[in-house]
Amino acid sequence: MRTICVYLVTVLAAFGELPAEWKNVQTFDAPTPGLIKLNLPAETLNAARPGLEDLRVLDAEGREVPFLVSRPVRRMGTMLSPKKFGTSIVGQTTVILIETGGQHPLEAVTLETPASGFIKAVKVEGSNDQHTWTMLATGQPVFRQANGVAQLRVNFPEGNWPFLRVTVDDKRSEAVPFTGARLHGITGELAVGEPLRAVLVDRTENDGQTRLTLDLGAANLTLSAVRIETDEPLFTRSVAIAVRQVGENAVTERVLARGTVYRVAVEGQPVSAGLEIQLDVPVPTRELLVLIENQDSPPLPVKSVTVERWPVEVIFRAPQAGRFQVLTGNPRCAAPRYDLAALRGSLAIAPLPVATQALGPVTVNSSYRPAEALPEIEKLGAALDVNAWSCRKRVEIARAGVQQVELDLDVLVRADPGFRDLRLMRDGQQRPYVLERTSIQRKLVPEISAANDPKRPTVSRWKIRLPKARLPVARLTCTTPTALFRREVHLYEEAVDERGEKYRRSLADTTWMRTPPGTGRVLESSFSAPVTDTLFLETDNGDNPAIVLQNFAVYYPVTRVLFKAPAEPVTWLYYGNREASFPQYDLDLIAPRLLAEEKATAKLGVEEVLKKSGSSEFFQLAGTKSVIFWVALVLVVIVLLVVVVKLLPKTE
C-alpha cells in the first residue's frame, strides 16, 4: 500500500498535478545540489499530523525525496549530590561550603531546608582550591512562603567548580537551617528556542486563580518556555501550564509543567526576578492554558505572555538545484520509511548548506478534493426511544461542523449528576458526543439573609438561597472584616426524607481562624452538592461577639458537550432520566482529533418539559406526604375504634 502511495505521488507530480489526498503544499528553492537543512515553520507543523507522518518532499522533477527529521539536541540536566556539605554561622551570615566532586559542569544549586516563611539574599562563589574564589552570582533571592510557593534554586554561569561557597544574608531576619543541597549538572549542547507569536484570547478570574487561554497559532509544537510579562514590583505566584486532553470519553485538563514566577526586592540587593517557566513538552492543540494561583492576593496584572518553541528541521539530499515542494495534510497515509534513517548520526553533525529561500506559506493544493471534518463520525448512533426522558432543549447551531455547547443551569439541575442520561438526538437517532469536564467555575451570587434563632443567642446563622434546587455547586466563599477570631463553621441544608419529614443534612464542617496581620480573611469551603435551594451557615460565637460575613458566592464547574452536527435538521439535547445508563460511543477512538478540530459555539434553547421526572414528583409531593400520612393514620384509628366498640358486650 505504501509503495502504491509513493508511486502515485511521483507519477501525478511528474505531470504537474499533485496528489489529491494531500491538502497543503509549500515551495522553496534549493540553490545547489547536495545536502539541505530546512527549518519547518510553525504553520507547517500545524498543517501536518503530530508525528509528521504525512510530510513529503518532492524535487523539481516531481519525484519523492527521502528525508530525515532532526530535532536539535537539548541540554540535558543531571541532578547530583554534593560530596561534602557543611554550614557555619559567620557574623550575620550563614556560610554553606559544598564540595562538588568536580565531575560535571554545573549551572545551578538548589538548597534544602525545612524552614518556611522566609526570604534571604544569597551569593555563590566557585573555587578550585578553596583559596581563590570567583563570584558566580550575587543578590539572588531564596524563599519559601507559608502557602508552599518556594524558590530555592540559584543559577550561575556554567563551569566546572570543585568547590562552591554559598553565603546567605541574615541581617533582616533570623538564620534558617539548611540541611543539604542538590547540584544541577549539564550535558549536551544548548538548544536555542525560537520565539512564537501567542495571542491571549481569554482571561477568566476565578476566586484565587487567574486562568489565561493562549492561542499558539499552530498545533503540534514542542514548547521550550513560557514567560509572563508584568509590571508588578513585588510578588510570587505558583503557575501551572496545562492543555485540554481527551480521556475516558471526556475532555479534561492535563498539567504539563509547574513553576514559580516572582519579582523580589531584598533590602540592599538589586531587584531579582524569575518570570519564565521552562518546558520541553509537545502541545497537540493550538490552545495553551496558563493557571496563576493568586490565593489571597489580588490578581496578577499580566501585560502579555510570550512563548518559545524548539525548532524542527528536515535534512535531505537535493539531486539538483531548483524548486522543491513540501506536502502536508493527509490524515490517512502511512508514515514513510527511508533508508536515510541509518545516516541520522552523521547527517546531524555534518556542516550543511541551508536553502537560500525560506519555506513558503502554506497554500491549498489545487488538485485537493476537500473533505468534511471527521467523516468517520458522520453516521448517527443507534435509534433510541426517548419516552422515558423528561426534558429536552433545542441545540441552536450557527454553522455545520464540530460543535461545542455548555450545559446551562436547567440541564445541570434536571440531568443525572454524572450526566449519564445526556442524549443528542436527530430524527430518532443518537448523535455521538464527548463530555468535557473543565476546571472553569461559574460564579453565582446567592440571596443572603440572617436566620438567627432567639433560643440560641450565641449562634450566628445565615440563610443562603440558591437560584434553583439541586444545583451542582461545590464551593462556597465569603469574607469578613472581623480581625481576630476562631470559629467552627457548619454548612447544612434541611432536606426532606421519603416520609416527607425534614431533617438536617450536613454538607461541610470546617474551622475558620483569622489572626493579625490579616490572614484568613476569606472563608472557602468545598462540599457535596445540595438537594434543596436553601443552605444554612452557622457558627457558635461562645462568649465572643458575633462575626460579620459578607460577599457570599457559590461556584459550579463548567461542563461542555463536543459533537459534530449540521445546522439542519434540528438536533435536540435530551436529559432527565435517572434510569438511563452511560452511552457507549465509538467516537472515543478518534476523540483527540475531535478536540483538535476548530469548534463552533452552539447554544441551548428554551427547556421543554416532556413529563415530570421521578425526582421532580418526589420533591413536589414530599410536602404533602406528611399530611397524607397523618390523615391515613387518623382514619386507621377511627376504624379500629369502631371495630372495638362493636366487639364490646352490650349493656342491659
# chains A, B, ... in the order shown; residues from 1 in each chain; ligands from 1
call {"tool": "select_by_dssp", "arguments": {"residues": "stretch 68-132 of chain A", "states": "strand (DSSP E)", "output": "ChimeraX atom specification"}}
result
/A:68-70,76-80,84-90,93-99,106-112,118-127
call {"tool": "write_last_selection", "arguments": {"atoms": "C-alpha atoms", "output": "short mmCIF file (atom, residue, chain, number, x, y, z; two decimals), in the first residue's frame"}}
result
data_model
loop_
_atom_site.label_atom_id
_atom_site.label_comp_id
_atom_site.auth_asym_id
_atom_site.auth_seq_id
_atom_site.Cartn_x
_atom_site.Cartn_y
_atom_site.Cartn_z
CA LEU A 68 15.33 12.88 7.84
CA VAL A 69 13.55 14.78 10.62
CA SER A 70 16.07 16.32 13.01
CA MET A 76 20.01 17.61 29.49
CA GLY A 77 20.22 18.33 33.18
CA THR A 78 21.57 15.89 35.72
CA MET A 79 20.88 16.06 39.44
CA LEU A 80 23.99 15.49 41.55
CA LYS A 84 30.53 17.10 51.21
CA PHE A 85 28.14 19.65 52.70
CA GLY A 86 28.72 21.90 55.70
CA THR A 87 27.25 25.07 57.22
CA SER A 88 28.50 27.65 59.70
CA ILE A 89 27.31 30.95 61.16
CA VAL A 90 29.73 33.81 60.46
CA THR A 93 25.52 35.34 57.54
CA THR A 94 25.12 31.61 57.06
CA VAL A 95 28.01 30.18 55.05
CA ILE A 96 27.47 26.90 53.20
CA LEU A 97 30.54 25.10 51.87
CA ILE A 98 29.92 22.44 49.22
CA GLU A 99 32.49 20.03 47.79
CA LEU A 106 27.41 22.94 36.92
CA GLU A 107 24.81 25.64 36.24
CA ALA A 108 22.82 25.90 39.49
CA VAL A 109 22.49 24.80 43.10
CA THR A 110 19.22 24.15 44.96
CA LEU A 111 19.29 24.49 48.73
CA GLU A 112 17.28 22.24 51.05
CA PHE A 118 11.45 33.34 54.96
CA ILE A 119 13.25 35.28 52.22
CA LYS A 120 17.03 35.61 52.01
CA ALA A 121 19.57 37.13 49.64
CA VAL A 122 22.44 34.81 48.69
CA LYS A 123 25.68 34.94 46.76
CA VAL A 124 27.51 32.00 45.21
CA GLU A 125 31.28 31.71 44.69
CA GLY A 126 33.31 29.00 42.98
CA SER A 127 36.86 27.80 43.64
#
call {"tool": "residues_around", "arguments": {"residues": "stretch 590-605 of chain A", "least_positions_apart": "3", "cutoff": "7 Å", "atoms": "only C-alpha atoms", "output": "ChimeraX atom specification"}}
result
/A:246,285,393-398,402-405,587
call {"tool": "write_last_selection", "arguments": {"atoms": "N, CA and C atoms", "output": "PDB file, in the first residue's frame"}}
result
ATOM      1  N   VAL A 246      -8.232  14.481  25.899  1.00  0.00           N
ATOM      2  CA  VAL A 246      -9.358  13.555  25.921  1.00  0.00           C
ATOM      3  C   VAL A 246      -8.942  12.284  26.641  1.00  0.00           C
ATOM      4  N   THR A 285      -2.529  20.623  20.667  1.00  0.00           N
ATOM      5  CA  THR A 285      -3.522  21.579  20.194  1.00  0.00           C
ATOM      6  C   THR A 285      -2.900  22.967  20.128  1.00  0.00           C
ATOM      7  N   LYS A 393     -33.938  20.198  25.118  1.00  0.00           N
ATOM      8  CA  LYS A 393     -33.660  21.543  24.639  1.00  0.00           C
ATOM      9  C   LYS A 393     -33.138  21.469  23.211  1.00  0.00           C
ATOM     10  N   ARG A 394     -33.543  22.436  22.437  1.00  0.00           N
ATOM     11  CA  ARG A 394     -33.041  22.501  21.072  1.00  0.00           C
ATOM     12  C   ARG A 394     -31.615  23.047  21.089  1.00  0.00           C
ATOM     13  N   VAL A 395     -30.738  22.412  20.305  1.00  0.00           N
ATOM     14  CA  VAL A 395     -29.366  22.878  20.177  1.00  0.00           C
ATOM     15  C   VAL A 395     -29.315  23.818  18.975  1.00  0.00           C
ATOM     16  N   GLU A 396     -29.063  25.076  19.244  1.00  0.00           N
ATOM     17  CA  GLU A 396     -29.045  26.088  18.187  1.00  0.00           C
ATOM     18  C   GLU A 396     -27.654  26.137  17.576  1.00  0.00           C
ATOM     19  N   ILE A 397     -27.540  25.672  16.330  1.00  0.00           N
ATOM     20  CA  ILE A 397     -26.268  25.539  15.624  1.00  0.00           C
ATOM     21  C   ILE A 397     -26.190  26.608  14.546  1.00  0.00           C
ATOM     22  N   ALA A 398     -25.126  27.418  14.592  1.00  0.00           N
ATOM     23  CA  ALA A 398     -24.969  28.503  13.621  1.00  0.00           C
ATOM     24  C   ALA A 398     -24.385  28.009  12.301  1.00  0.00           C
ATOM     25  N   VAL A 402     -17.870  20.695  13.732  1.00  0.00           N
ATOM     26  CA  VAL A 402     -17.682  20.301  15.122  1.00  0.00           C
ATOM     27  C   VAL A 402     -18.238  21.400  16.031  1.00  0.00           C
ATOM     28  N   GLN A 403     -19.052  21.009  16.997  1.00  0.00           N
ATOM     29  CA  GLN A 403     -19.748  21.952  17.869  1.00  0.00           C
ATOM     30  C   GLN A 403     -19.271  21.811  19.315  1.00  0.00           C
ATOM     31  N   GLN A 404     -19.451  22.902  20.054  1.00  0.00           N
ATOM     32  CA  GLN A 404     -19.171  22.926  21.484  1.00  0.00           C
ATOM     33  C   GLN A 404     -20.314  23.666  22.161  1.00  0.00           C
ATOM     34  N   VAL A 405     -20.976  23.015  23.130  1.00  0.00           N
ATOM     35  CA  VAL A 405     -22.102  23.634  23.813  1.00  0.00           C
ATOM     36  C   VAL A 405     -21.922  23.450  25.316  1.00  0.00           C
ATOM     37  N   LEU A 587     -16.999   7.021  19.115  1.00  0.00           N
ATOM     38  CA  LEU A 587     -16.358   8.318  18.919  1.00  0.00           C
ATOM     39  C   LEU A 587     -15.114   8.471  19.778  1.00  0.00           C
TER      40      LEU A 587
END
call {"tool": "closest_residue", "arguments": {"among": "A:Asp586, A:Gln550, A:Arg426, A:Ala383", "to": "A:Ser449", "atoms": "only C-alpha atoms"}}
result
A:Gln550
call {"tool": "residues_around", "arguments": {"residues": "A:Asp421", "least_positions_apart": "2", "cutoff": "9 Å", "atoms": "only C-alpha atoms", "output": "ChimeraX atom specification"}}
result
/A:389,415-416,418-419,423,574-583
call {"tool": "write_last_selection", "arguments": {"atoms": "N, CA and C atoms", "output": "PDB file, in the first residue's frame"}}
result
ATOM      1  N   TRP A 389     -37.454  10.041  28.876  1.00  0.00           N
ATOM      2  CA  TRP A 389     -36.742  11.284  29.201  1.00  0.00           C
ATOM      3  C   TRP A 389     -37.762  12.384  29.493  1.00  0.00           C
ATOM      4  N   ALA A 415     -30.592  16.974  34.974  1.00  0.00           N
ATOM      5  CA  ALA A 415     -29.873  15.801  34.486  1.00  0.00           C
ATOM      6  C   ALA A 415     -29.301  14.997  35.650  1.00  0.00           C
ATOM      7  N   ASP A 416     -28.913  13.767  35.357  1.00  0.00           N
ATOM      8  CA  ASP A 416     -28.238  12.949  36.358  1.00  0.00           C
ATOM      9  C   ASP A 416     -26.925  13.614  36.758  1.00  0.00           C
ATOM     10  N   GLY A 418     -24.026  12.544  37.203  1.00  0.00           N
ATOM     11  CA  GLY A 418     -22.908  12.066  36.403  1.00  0.00           C
ATOM     12  C   GLY A 418     -23.094  12.252  34.918  1.00  0.00           C
ATOM     13  N   PHE A 419     -24.252  12.843  34.496  1.00  0.00           N
ATOM     14  CA  PHE A 419     -24.594  13.124  33.103  1.00  0.00           C
ATOM     15  C   PHE A 419     -24.699  11.860  32.256  1.00  0.00           C
ATOM     16  N   ARG A 423     -28.426  12.786  26.010  1.00  0.00           N
ATOM     17  CA  ARG A 423     -28.512  12.202  24.675  1.00  0.00           C
ATOM     18  C   ARG A 423     -28.732  13.326  23.667  1.00  0.00           C
ATOM     19  N   TYR A 574     -31.536  15.739  25.034  1.00  0.00           N
ATOM     20  CA  TYR A 574     -32.484  15.141  25.977  1.00  0.00           C
ATOM     21  C   TYR A 574     -31.774  14.867  27.302  1.00  0.00           C
ATOM     22  N   TYR A 575     -32.499  15.052  28.404  1.00  0.00           N
ATOM     23  CA  TYR A 575     -31.954  14.813  29.737  1.00  0.00           C
ATOM     24  C   TYR A 575     -33.117  14.598  30.696  1.00  0.00           C
ATOM     25  N   GLY A 576     -32.807  14.145  31.907  1.00  0.00           N
ATOM     26  CA  GLY A 576     -33.843  13.910  32.905  1.00  0.00           C
ATOM     27  C   GLY A 576     -34.366  12.495  32.899  1.00  0.00           C
ATOM     28  N   ASN A 577     -33.468  11.515  32.981  1.00  0.00           N
ATOM     29  CA  ASN A 577     -33.864  10.104  33.069  1.00  0.00           C
ATOM     30  C   ASN A 577     -32.882   9.410  33.993  1.00  0.00           C
ATOM     31  N   ARG A 578     -33.259   9.268  35.262  1.00  0.00           N
ATOM     32  CA  ARG A 578     -32.351   8.690  36.254  1.00  0.00           C
ATOM     33  C   ARG A 578     -32.141   7.194  36.064  1.00  0.00           C
ATOM     34  N   GLU A 579     -32.927   6.564  35.206  1.00  0.00           N
ATOM     35  CA  GLU A 579     -32.761   5.125  34.970  1.00  0.00           C
ATOM     36  C   GLU A 579     -31.822   4.840  33.804  1.00  0.00           C
ATOM     37  N   ALA A 580     -31.384   5.879  33.081  1.00  0.00           N
ATOM     38  CA  ALA A 580     -30.530   5.686  31.911  1.00  0.00           C
ATOM     39  C   ALA A 580     -29.118   5.291  32.339  1.00  0.00           C
ATOM     40  N   SER A 581     -28.456   4.566  31.487  1.00  0.00           N
ATOM     41  CA  SER A 581     -27.058   4.186  31.717  1.00  0.00           C
ATOM     42  C   SER A 581     -26.163   5.027  30.817  1.00  0.00           C
ATOM     43  N   PHE A 582     -24.854   4.996  31.088  1.00  0.00           N
ATOM     44  CA  PHE A 582     -23.920   5.780  30.293  1.00  0.00           C
ATOM     45  C   PHE A 582     -23.892   5.272  28.854  1.00  0.00           C
ATOM     46  N   PRO A 583     -23.922   6.184  27.868  1.00  0.00           N
ATOM     47  CA  PRO A 583     -23.842   5.739  26.471  1.00  0.00           C
ATOM     48  C   PRO A 583     -22.437   5.262  26.133  1.00  0.00           C
TER      49      PRO A 583
END
call {"tool": "atom_distance", "arguments": {"atom1": "atom CA of A:Leu152", "atom2": "atom CA of A:Thr236"}}
result
12.9 Å
